[in-house]
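**Student:** Enclosed is the structure file final.pdb (PDB, C-alpha atoms and all ligand atoms).
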MODEL        1
ATOM      1  CA  MET A  30      59.100-149.704 -31.774  1.00  0.00           C
ATOM      2  CA  LYS A  31      56.027-148.510 -33.668  1.00  0.00           C
ATOM      3  CA  PRO A  32      56.171-148.486 -37.485  1.00  0.00           C
ATOM      4  CA  ILE A  33      56.803-145.262 -39.384  1.00  0.00           C
ATOM      5  CA  GLU A  34      53.593-144.576 -41.287  1.00  0.00           C
ATOM      6  CA  ARG A  35      52.151-142.010 -43.682  1.00  0.00           C
ATOM      7  CA  SER A  36      48.616-140.627 -43.417  1.00  0.00           C
ATOM      8  CA  LEU A  37      46.561-138.433 -45.727  1.00  0.00           C
ATOM      9  CA  VAL A  38      45.033-135.431 -43.967  1.00  0.00           C
ATOM     10  CA  LEU A  39      42.392-133.207 -45.549  1.00  0.00           C
ATOM     11  CA  ILE A  40      41.440-129.812 -44.119  1.00  0.00           C
ATOM     12  CA  LYS A  41      37.744-129.835 -45.026  1.00  0.00           C
ATOM     13  CA  PRO A  42      35.684-126.884 -46.334  1.00  0.00           C
ATOM     14  CA  ASP A  43      34.189-125.957 -42.931  1.00  0.00           C
ATOM     15  CA  ALA A  44      37.691-125.497 -41.511  1.00  0.00           C
ATOM     16  CA  MET A  45      39.023-123.748 -44.625  1.00  0.00           C
ATOM     17  CA  GLU A  46      36.174-121.235 -44.497  1.00  0.00           C
ATOM     18  CA  ARG A  47      37.160-120.301 -40.927  1.00  0.00           C
ATOM     19  CA  GLY A  48      40.871-119.951 -41.697  1.00  0.00           C
ATOM     20  CA  LEU A  49      41.886-123.021 -39.688  1.00  0.00           C
ATOM     21  CA  ALA A  50      44.297-124.709 -42.119  1.00  0.00           C
ATOM     22  CA  GLY A  51      47.418-123.351 -40.432  1.00  0.00           C
ATOM     23  CA  THR A  52      46.118-124.114 -36.953  1.00  0.00           C
ATOM     24  CA  ILE A  53      45.315-127.729 -37.834  1.00  0.00           C
ATOM     25  CA  ILE A  54      48.636-128.345 -39.617  1.00  0.00           C
ATOM     26  CA  GLY A  55      50.403-126.719 -36.659  1.00  0.00           C
ATOM     27  CA  ARG A  56      48.666-128.972 -34.141  1.00  0.00           C
ATOM     28  CA  LEU A  57      49.854-132.051 -36.016  1.00  0.00           C
ATOM     29  CA  GLN A  58      53.410-130.715 -36.414  1.00  0.00           C
ATOM     30  CA  SER A  59      53.593-129.778 -32.734  1.00  0.00           C
ATOM     31  CA  GLN A  60      52.815-133.414 -31.869  1.00  0.00           C
ATOM     32  CA  GLY A  61      55.944-134.494 -33.735  1.00  0.00           C
ATOM     33  CA  LEU A  62      54.285-135.471 -37.008  1.00  0.00           C
ATOM     34  CA  LYS A  63      56.324-134.514 -40.067  1.00  0.00           C
ATOM     35  CA  LEU A  64      54.666-132.633 -42.932  1.00  0.00           C
ATOM     36  CA  ILE A  65      55.998-134.299 -46.095  1.00  0.00           C
ATOM     37  CA  ALA A  66      53.488-133.044 -48.725  1.00  0.00           C
ATOM     38  CA  VAL A  67      50.873-130.297 -48.977  1.00  0.00           C
ATOM     39  CA  LYS A  68      48.657-128.710 -51.654  1.00  0.00           C
ATOM     40  CA  MET A  69      45.453-126.726 -52.030  1.00  0.00           C
ATOM     41  CA  LEU A  70      42.855-128.029 -54.480  1.00  0.00           C
ATOM     42  CA  HIS A  71      39.165-127.972 -55.252  1.00  0.00           C
ATOM     43  CA  MET A  72      38.037-131.617 -55.293  1.00  0.00           C
ATOM     44  CA  ASP A  73      35.724-132.598 -58.140  1.00  0.00           C
ATOM     45  CA  ARG A  74      32.948-135.168 -57.811  1.00  0.00           C
ATOM     46  CA  GLU A  75      35.064-137.891 -59.414  1.00  0.00           C
ATOM     47  CA  LEU A  76      37.895-137.500 -56.904  1.00  0.00           C
ATOM     48  CA  ALA A  77      35.383-137.269 -54.048  1.00  0.00           C
ATOM     49  CA  GLY A  78      33.718-140.480 -55.235  1.00  0.00           C
ATOM     50  CA  ARG A  79      37.056-142.291 -55.346  1.00  0.00           C
ATOM     51  CA  HIS A  80      38.234-140.944 -51.988  1.00  0.00           C
ATOM     52  CA  TYR A  81      34.947-141.865 -50.289  1.00  0.00           C
ATOM     53  CA  ALA A  82      34.215-145.021 -52.384  1.00  0.00           C
ATOM     54  CA  VAL A  83      33.818-147.138 -49.241  1.00  0.00           C
ATOM     55  CA  HIS A  84      30.799-144.968 -48.281  1.00  0.00           C
ATOM     56  CA  LYS A  85      29.001-144.966 -51.633  1.00  0.00           C
ATOM     57  CA  GLU A  86      26.036-147.008 -50.368  1.00  0.00           C
ATOM     58  CA  LYS A  87      25.613-144.902 -47.215  1.00  0.00           C
ATOM     59  CA  PRO A  88      22.661-142.538 -46.851  1.00  0.00           C
ATOM     60  CA  PHE A  89      25.019-139.616 -46.246  1.00  0.00           C
ATOM     61  CA  PHE A  90      27.162-140.220 -49.380  1.00  0.00           C
ATOM     62  CA  ALA A  91      25.483-137.681 -51.700  1.00  0.00           C
ATOM     63  CA  GLY A  92      25.606-134.960 -49.050  1.00  0.00           C
ATOM     64  CA  LEU A  93      29.211-135.793 -48.240  1.00  0.00           C
ATOM     65  CA  VAL A  94      30.266-135.474 -51.897  1.00  0.00           C
ATOM     66  CA  SER A  95      28.429-132.135 -52.235  1.00  0.00           C
ATOM     67  CA  TYR A  96      30.057-130.863 -49.059  1.00  0.00           C
ATOM     68  CA  ILE A  97      33.641-131.958 -49.793  1.00  0.00           C
ATOM     69  CA  THR A  98      33.433-130.442 -53.320  1.00  0.00           C
ATOM     70  CA  SER A  99      31.833-127.181 -52.105  1.00  0.00           C
ATOM     71  CA  ALA A 100      35.073-125.212 -51.620  1.00  0.00           C
ATOM     72  CA  PRO A 101      38.848-125.563 -51.964  1.00  0.00           C
ATOM     73  CA  ILE A 102      40.581-127.723 -49.381  1.00  0.00           C
ATOM     74  CA  VAL A 103      44.130-128.421 -48.238  1.00  0.00           C
ATOM     75  CA  ALA A 104      45.483-131.948 -48.656  1.00  0.00           C
ATOM     76  CA  ALA A 105      48.600-132.996 -46.763  1.00  0.00           C
ATOM     77  CA  VAL A 106      50.662-136.065 -45.989  1.00  0.00           C
ATOM     78  CA  PHE A 107      52.167-136.507 -42.544  1.00  0.00           C
ATOM     79  CA  SER A 108      54.627-139.167 -41.492  1.00  0.00           C
ATOM     80  CA  GLY A 109      55.781-140.442 -38.129  1.00  0.00           C
ATOM     81  CA  ASP A 110      55.808-143.357 -35.704  1.00  0.00           C
ATOM     82  CA  ASP A 111      52.288-144.816 -35.545  1.00  0.00           C
ATOM     83  CA  ALA A 112      51.125-141.730 -37.482  1.00  0.00           C
ATOM     84  CA  ILE A 113      47.749-143.147 -38.567  1.00  0.00           C
ATOM     85  CA  ALA A 114      46.416-143.898 -35.076  1.00  0.00           C
ATOM     86  CA  ARG A 115      48.065-140.832 -33.550  1.00  0.00           C
ATOM     87  CA  ILE A 116      46.486-138.472 -36.093  1.00  0.00           C
ATOM     88  CA  ARG A 117      43.064-140.032 -35.530  1.00  0.00           C
ATOM     89  CA  GLN A 118      43.531-139.506 -31.790  1.00  0.00           C
ATOM     90  CA  ILE A 119      44.540-135.863 -32.285  1.00  0.00           C
ATOM     91  CA  MET A 120      41.507-135.411 -34.615  1.00  0.00           C
ATOM     92  CA  GLY A 121      38.988-137.020 -32.256  1.00  0.00           C
ATOM     93  CA  PRO A 122      35.980-139.171 -33.224  1.00  0.00           C
ATOM     94  CA  THR A 123      33.895-138.605 -36.359  1.00  0.00           C
ATOM     95  CA  ASP A 124      31.092-136.849 -34.465  1.00  0.00           C
ATOM     96  CA  PRO A 125      32.371-133.594 -32.917  1.00  0.00           C
ATOM     97  CA  ALA A 126      29.638-133.860 -30.263  1.00  0.00           C
ATOM     98  CA  LYS A 127      31.463-136.940 -28.970  1.00  0.00           C
ATOM     99  CA  ALA A 128      34.958-135.453 -29.285  1.00  0.00           C
ATOM    100  CA  GLU A 129      36.844-134.192 -26.270  1.00  0.00           C
ATOM    101  CA  ALA A 130      38.027-130.599 -25.948  1.00  0.00           C
ATOM    102  CA  GLY A 131      41.615-130.406 -27.130  1.00  0.00           C
ATOM    103  CA  THR A 132      40.978-132.626 -30.149  1.00  0.00           C
ATOM    104  CA  ILE A 133      40.656-130.954 -33.556  1.00  0.00           C
ATOM    105  CA  ARG A 134      37.065-132.072 -34.045  1.00  0.00           C
ATOM    106  CA  GLY A 135      36.185-131.312 -30.406  1.00  0.00           C
ATOM    107  CA  ASP A 136      37.470-127.765 -30.752  1.00  0.00           C
ATOM    108  CA  PHE A 137      36.490-126.935 -34.357  1.00  0.00           C
ATOM    109  CA  GLY A 138      34.031-129.503 -35.757  1.00  0.00           C
ATOM    110  CA  ILE A 139      30.481-128.305 -36.373  1.00  0.00           C
ATOM    111  CA  ASP A 140      28.548-131.551 -36.813  1.00  0.00           C
ATOM    112  CA  ILE A 141      29.116-135.164 -37.923  1.00  0.00           C
ATOM    113  CA  GLU A 142      29.422-134.124 -41.585  1.00  0.00           C
ATOM    114  CA  HIS A 143      31.223-130.804 -41.136  1.00  0.00           C
ATOM    115  CA  ASN A 144      33.935-132.230 -38.895  1.00  0.00           C
ATOM    116  CA  SER A 145      36.881-130.133 -40.110  1.00  0.00           C
ATOM    117  CA  VAL A 146      39.398-132.829 -40.964  1.00  0.00           C
ATOM    118  CA  HIS A 147      40.028-136.213 -42.594  1.00  0.00           C
ATOM    119  CA  GLY A 148      42.740-138.672 -41.555  1.00  0.00           C
ATOM    120  CA  SER A 149      43.452-142.104 -43.056  1.00  0.00           C
ATOM    121  CA  ASP A 150      42.299-145.114 -41.013  1.00  0.00           C
ATOM    122  CA  ALA A 151      44.785-147.888 -41.938  1.00  0.00           C
ATOM    123  CA  PRO A 152      48.078-148.327 -43.831  1.00  0.00           C
ATOM    124  CA  GLU A 153      46.390-149.762 -46.958  1.00  0.00           C
ATOM    125  CA  THR A 154      43.775-146.992 -47.194  1.00  0.00           C
ATOM    126  CA  ALA A 155      46.441-144.376 -46.440  1.00  0.00           C
ATOM    127  CA  ALA A 156      48.551-145.576 -49.374  1.00  0.00           C
ATOM    128  CA  GLN A 157      45.521-145.555 -51.702  1.00  0.00           C
ATOM    129  CA  GLU A 158      44.375-142.110 -50.538  1.00  0.00           C
ATOM    130  CA  ILE A 159      47.853-140.581 -50.817  1.00  0.00           C
ATOM    131  CA  ARG A 160      48.090-141.859 -54.418  1.00  0.00           C
ATOM    132  CA  LEU A 161      44.778-140.148 -55.248  1.00  0.00           C
ATOM    133  CA  PHE A 162      46.096-136.733 -54.217  1.00  0.00           C
ATOM    134  CA  PHE A 163      49.887-136.795 -54.700  1.00  0.00           C
ATOM    135  CA  GLY A 164      52.463-138.046 -57.168  1.00  0.00           C
ATOM    136  CA  GLU A 165      55.694-139.482 -55.714  1.00  0.00           C
ATOM    137  CA  GLY A 166      57.545-136.351 -56.869  1.00  0.00           C
ATOM    138  CA  GLU A 167      55.270-134.189 -54.697  1.00  0.00           C
ATOM    139  CA  ILE A 168      56.204-136.011 -51.492  1.00  0.00           C
ATOM    140  CA  PHE A 169      59.335-134.923 -49.583  1.00  0.00           C
ATOM    141  CA  PRO A 170      60.075-137.565 -46.957  1.00  0.00           C
TER     142      PRO A 170
HETATM  143  P1  LIG A 201      36.048-140.607 -40.385  1.00  0.00           P
HETATM  144  O1  LIG A 201      36.230-139.343 -41.207  1.00  0.00           O
HETATM  145  O2  LIG A 201      36.115-140.319 -38.912  1.00  0.00           O
HETATM  146  O3  LIG A 201      36.960-141.729 -40.827  1.00  0.00           O
HETATM  147  P2  LIG A 201      33.899-142.031 -41.751  1.00  0.00           P
HETATM  148  O4  LIG A 201      32.930-142.934 -41.075  1.00  0.00           O
HETATM  149  O5  LIG A 201      34.955-142.646 -42.603  1.00  0.00           O
HETATM  150  O6  LIG A 201      34.538-141.102 -40.618  1.00  0.00           O
HETATM  151  O7  LIG A 201      33.048-141.009 -42.612  1.00  0.00           O
HETATM  152  C1  LIG A 201      33.667-140.192 -43.589  1.00  0.00           C
HETATM  153  C2  LIG A 201      33.079-138.812 -43.482  1.00  0.00           C
HETATM  154  O8  LIG A 201      31.690-138.860 -43.836  1.00  0.00           O
HETATM  155  C3  LIG A 201      33.070-138.218 -42.064  1.00  0.00           C
HETATM  156  O9  LIG A 201      34.306-137.634 -41.687  1.00  0.00           O
HETATM  157  C4  LIG A 201      31.966-137.183 -42.173  1.00  0.00           C
HETATM  158  O10 LIG A 201      32.388-135.999 -42.855  1.00  0.00           O
HETATM  159  C5  LIG A 201      30.959-137.930 -43.047  1.00  0.00           C
HETATM  160  N1  LIG A 201      29.981-138.679 -42.245  1.00  0.00           N
HETATM  161  C6  LIG A 201      30.185-139.815 -41.522  1.00  0.00           C
HETATM  162  N2  LIG A 201      29.060-140.240 -40.915  1.00  0.00           N
HETATM  163  C7  LIG A 201      28.094-139.350 -41.278  1.00  0.00           C
HETATM  164  C8  LIG A 201      26.700-139.235 -40.958  1.00  0.00           C
HETATM  165  O11 LIG A 201      26.099-140.046 -40.235  1.00  0.00           O
HETATM  166  N3  LIG A 201      26.046-138.159 -41.514  1.00  0.00           N
HETATM  167  C9  LIG A 201      26.666-137.242 -42.321  1.00  0.00           C
HETATM  168  N4  LIG A 201      27.966-137.326 -42.626  1.00  0.00           N
HETATM  169  C10 LIG A 201      28.680-138.356 -42.110  1.00  0.00           C
HETATM  170 MG    MG A 202      37.011-142.779 -42.607  1.00  0.00          MG
ENDMDL
END
What would you get if you wrote out this structure as structure tokens?
**Tutor:**
Amino acid sequence: MKPIERSLVLIKPDAMERGLAGTIIGRLQSQGLKLIAVKMLHMDRELAGRHYAVHKEKPFFAGLVSYITSAPIVAAVFSGDDAIARIRQIMGPTDPAKAEAGTIRGDFGIDIEHNSVHGSDAPETAAQEIRLFFGEGEIFP
């Protein structure tokens, strides 16, 4: 049996601007993932820097921080069997040009930066990311 995991999902500004938050949350719920926390917030540069700390030496870091702080987003936590890998499969690869139709990024992503959604990539990073956005009292498992 696969482990029950939690993953942080962000609906990024490009998707928010096109009214896709409900559609994206619905796609994950319809695949059996359980929504256990959700909020809307406008990320500041400090939170963006902490969330994307692993990328701070990358050439795209400054643009990524500007983009993710450009408009309000929705942050959510989903749980389920093997949730981290399953959500990344439902999202599709980072570059929407390489994502298959039927994946979130394949259907809605604009380019490698404006790729509509974030999903955690491992249990340790998921736990860290969830702590950045949610207190324990805001999670309803
Ligand atoms: P992931 O979101 O699929 O885990 P990461 O490599 O962790 O991809 O990158 C984090 C985010 O940084 C991506 O989702 C995307 O928004 C942005 N990004 C990644 N690679 C590039 C790039 O080459 N140019 C511009 N933005 C990028
Ligand atoms: Mg990543």
**Student:** Figure out the distance between atom MG of ligand MG 202 (chain A) and atom CA of A:Asp150, please, to one decimal in Å.
**Tutor:**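 Spanning atom CA of A:Asp150 to atom MG of ligand MG 202 (chain A) is a straight-line distance of 6.0 Å.
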**Student:** Hey, which residues sit close to ligand LIG 201 (chain A)? Say within 7 Å, counting all atoms listed in the file, and write them as JSON, numbers by chain.
**Tutor:** {"A": [89, 93, 122, 123, 141, 142, 143, 144, 147, 148, 149, 150]}
**Student:** Just to be explicit: take each residue in the selection above, keep C-alpha atoms, and write the result as a PDB file, in the frame of the given file.
**Tutor:**
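Writing the result to selection-v9.pdb gives the following:
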ATOM      1  CA  PHE A  89      25.019-139.616 -46.246  1.00  0.00           C
ATOM      2  CA  LEU A  93      29.211-135.793 -48.240  1.00  0.00           C
ATOM      3  CA  PRO A 122      35.980-139.171 -33.224  1.00  0.00           C
ATOM      4  CA  THR A 123      33.895-138.605 -36.359  1.00  0.00           C
ATOM      5  CA  ILE A 141      29.116-135.164 -37.923  1.00  0.00           C
ATOM      6  CA  GLU A 142      29.422-134.124 -41.585  1.00  0.00           C
ATOM      7  CA  HIS A 143      31.223-130.804 -41.136  1.00  0.00           C
ATOM      8  CA  ASN A 144      33.935-132.230 -38.895  1.00  0.00           C
ATOM      9  CA  HIS A 147      40.028-136.213 -42.594  1.00  0.00           C
ATOM     10  CA  GLY A 148      42.740-138.672 -41.555  1.00  0.00           C
ATOM     11  CA  SER A 149      43.452-142.104 -43.056  1.00  0.00           C
ATOM     12  CA  ASP A 150      42.299-145.114 -41.013  1.00  0.00           C
TER      13      ASP A 150
END
**Student:** Using the file's own x, y and z axes, what box holds all listed atoms of stretch 44-62 of chain A with 8 Å on each side, keeping edges along x, y and z, and what are its centre and edge lengths in Å to one decimal, as AutoDock Vina command-line options?
**Tutor:**
--center_x 46.1 --center_y -127.7 --center_z -38.2 --size_x 35.8 --size_y 31.5 --size_z 28.8
**Student:** Kindly indicate which residue among A:Ile133, A:Ala128, A:Ala77, A:Val103 lies nearest to A:Arg56, using all atoms listed in the file for the distances.
**Tutor:** A:Ile133
**Student:** Kindly indicate which residue among A:Leu39, A:Ile65, A:Ala50, A:Ala105 lies nearest to ligand MG 202 (chain A), using all atoms listed in the file for the distances.
**Tutor:**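 Ranked by minimum distance to ligand MG 202 (chain A), first place goes to A:Leu39.
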**Student:** If you count all atoms listed in the file, which residues fall within 9 Å of A:Gln60, apart from same-chain ones fewer than 4 positions away, as an MDAnalysis selection string?
**Tutor:** chainID A and resid 55:56 115 119
**Student:** Got a sec: who's within 10 Å of stretch 159-168 of chain A, counting all atoms listed in the file, leaving out chain neighbours fewer than 6 positions off, as a list of chain:residue names?
**Tutor:**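 Using all atoms listed in the file, the neighbours found are A:Arg35, A:Ser36, A:Leu37, A:Val38, A:Leu64, A:Ile65, A:Ala66, A:Val67, A:Lys68, A:Leu70, A:Met72, A:Leu76, A:Ala77, A:Arg79, A:His80, A:Ala104, A:Ala105, A:Val106, A:Phe107, A:Ser149.
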**Student:** Name the closest residue to ligand MG 202 (chain A) among the candidates A:Asp140, A:Glu34, A:Asp124, A:Glu129; distances are taken between atoms, counting only C-alpha atoms and all ligand atoms.
**Tutor:**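 Among the listed residues, the smallest separation from ligand MG 202 (chain A) belongs to A:Asp124.
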**Student:** So, counting all atoms listed in the file, which residue among A:Lys127, A:Lys63, A:Arg134, A:His84 is closest to ligand MG 202 (chain A)?
**Tutor:**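 Selected residue with least distance to ligand MG 202 (chain A): A:His84.
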**Student:** N, CA and C atoms are needed for stretch 53-66 of chain A; please write them out as a PDB file, in the frame of the given file.
**Tutor:**
ATOM      1  N   ILE A  53      45.412-126.263 -37.839  1.00  0.00           N
ATOM      2  CA  ILE A  53      45.315-127.729 -37.834  1.00  0.00           C
ATOM      3  C   ILE A  53      46.657-128.355 -38.213  1.00  0.00           C
ATOM      4  N   ILE A  54      47.304-127.835 -39.248  1.00  0.00           N
ATOM      5  CA  ILE A  54      48.636-128.345 -39.617  1.00  0.00           C
ATOM      6  C   ILE A  54      49.603-128.151 -38.447  1.00  0.00           C
ATOM      7  N   GLY A  55      49.524-126.999 -37.794  1.00  0.00           N
ATOM      8  CA  GLY A  55      50.403-126.719 -36.659  1.00  0.00           C
ATOM      9  C   GLY A  55      50.183-127.672 -35.492  1.00  0.00           C
ATOM     10  N   ARG A  56      48.934-128.011 -35.233  1.00  0.00           N
ATOM     11  CA  ARG A  56      48.666-128.972 -34.141  1.00  0.00           C
ATOM     12  C   ARG A  56      49.328-130.312 -34.419  1.00  0.00           C
ATOM     13  N   LEU A  57      49.253-130.755 -35.677  1.00  0.00           N
ATOM     14  CA  LEU A  57      49.854-132.051 -36.016  1.00  0.00           C
ATOM     15  C   LEU A  57      51.383-131.958 -35.945  1.00  0.00           C
ATOM     16  N   GLN A  58      51.948-130.871 -36.469  1.00  0.00           N
ATOM     17  CA  GLN A  58      53.410-130.715 -36.414  1.00  0.00           C
ATOM     18  C   GLN A  58      53.899-130.617 -34.973  1.00  0.00           C
ATOM     19  N   SER A  59      53.139-129.953 -34.125  1.00  0.00           N
ATOM     20  CA  SER A  59      53.593-129.778 -32.734  1.00  0.00           C
ATOM     21  C   SER A  59      53.534-131.085 -31.950  1.00  0.00           C
ATOM     22  N   GLN A  60      52.829-132.075 -32.493  1.00  0.00           N
ATOM     23  CA  GLN A  60      52.815-133.414 -31.869  1.00  0.00           C
ATOM     24  C   GLN A  60      53.907-134.307 -32.446  1.00  0.00           C
ATOM     25  N   GLY A  61      54.798-133.726 -33.233  1.00  0.00           N
ATOM     26  CA  GLY A  61      55.944-134.494 -33.735  1.00  0.00           C
ATOM     27  C   GLY A  61      55.701-135.171 -35.074  1.00  0.00           C
ATOM     28  N   LEU A  62      54.545-134.899 -35.684  1.00  0.00           N
ATOM     29  CA  LEU A  62      54.285-135.471 -37.008  1.00  0.00           C
ATOM     30  C   LEU A  62      54.955-134.599 -38.062  1.00  0.00           C
ATOM     31  N   LYS A  63      55.544-135.243 -39.067  1.00  0.00           N
ATOM     32  CA  LYS A  63      56.324-134.514 -40.067  1.00  0.00           C
ATOM     33  C   LYS A  63      55.471-134.266 -41.307  1.00  0.00           C
ATOM     34  N   LEU A  64      55.377-132.998 -41.695  1.00  0.00           N
ATOM     35  CA  LEU A  64      54.666-132.633 -42.932  1.00  0.00           C
ATOM     36  C   LEU A  64      55.571-132.960 -44.112  1.00  0.00           C
ATOM     37  N   ILE A  65      55.138-133.898 -44.975  1.00  0.00           N
ATOM     38  CA  ILE A  65      55.998-134.299 -46.095  1.00  0.00           C
ATOM     39  C   ILE A  65      55.382-133.976 -47.458  1.00  0.00           C
ATOM     40  N   ALA A  66      54.116-133.489 -47.474  1.00  0.00           N
ATOM     41  CA  ALA A  66      53.488-133.044 -48.725  1.00  0.00           C
ATOM     42  C   ALA A  66      52.299-132.167 -48.370  1.00  0.00           C
TER      43      ALA A  66
END
